[in-house]
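**Student:** So that we are looking at the same thing, I have put the structure below in structure tokens.
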Amino acid sequence: MRRRLALLVALPLLVVGVLTVAVSAQTPAAPAAKVPDVAGKWMMALELSIGTSNPTLILKQEGDKLTGTYTGRYGDAKVAGKITADRQLQFTVSLDAEGQSVTMYFQGEVATDGQTVSKGTCNVEGLGEGSWAAKRAS
């Protein structure tokens with residue numbers, strides 16, 4: 001009798017467990033967000049309190065890590081930064097401006113089509129904050 005009672009209790013639990021495993025096996029997991037590809041040449045529009053400039057940015061990418069070259073008024077400078085799966089771009093540029101070492105900090109959002117950067121803000125050591133945008137060069 002006890003054996004039959006134990007079987008009656010265990011059988012529904014077993015059926016529920018099997019159904020749960022079957023349903024979860026059929027439900028696809030949401031794909032992990034992919035880091036956007038930002039490698040290549042970008043034309044920038046940089047606005048600071050001292051004026052506007054149009055530097056060029058060449059980015060190289062390995063996963064979420066960025067390196068590359070920023071070319072502007074003071075020549076070429078190295079870029080180091082990252083890109084996140086939610087399209088947030090961050091990088092720094094360290095350059096020599098008329099004998100002074102200056103670091104520029106950039107943040108921006110890559111458009112879903114990967115062709116533009118908007119909502120860009122920058123902070124230039126010693127010169128304050130500014131804004132920037134960029135478009136992929138053709």
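In the structure tokens, the first chain shown is A, the next is B, and so on; residue numbers restart at 1 for each chain, and ligands run from 1 in the order shown.
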Report as a ChimeraX atom specification: the residues of range 15-122 of chain A with a DSSP assignment of strand (DSSP E), based on the backbone of this structure.
**Tutor:** /A:40-48,51-53,56-62,65-72,75-83,88-97,100-110,116-122
**Student:** Using only C-alpha atoms, which protein or nucleic acid residues come within 10 Å of Val35 in chain A? Drop anything in the same chain fewer than 3 positions from it, and give the result as number ranges by chain.
**Tutor:** A: 32, 38, 63-64, 82-88
**Student:** Looking at A:Ala39, A:Leu46, A:Ala33, A:Ala80, which one is nearest to Ala133 in chain A, with distances taken over only C-alpha atoms?
**Tutor:**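 Residue with the minimum atom-to-atom distance to Ala133 in chain A: A:Leu46.
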**Student:** Pick out the residues sitting within 8 Å of Thr71 in chain A, and hand them over as an MDAnalysis selection string; count only C-alpha atoms, and ignore anything fewer than 2 positions along from it in its own chain.
**Tutor:** chainID A and resid 55:57 69 73:77
**Student:** So, with only C-alpha atoms as the atoms that count, which of A:Tyr70, A:Trp132, A:Glu47, A:Gly120 lies closest to Thr103 in chain A?
**Tutor:**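 That would be A:Tyr70, the residue with the smallest distance to Thr103 in chain A.
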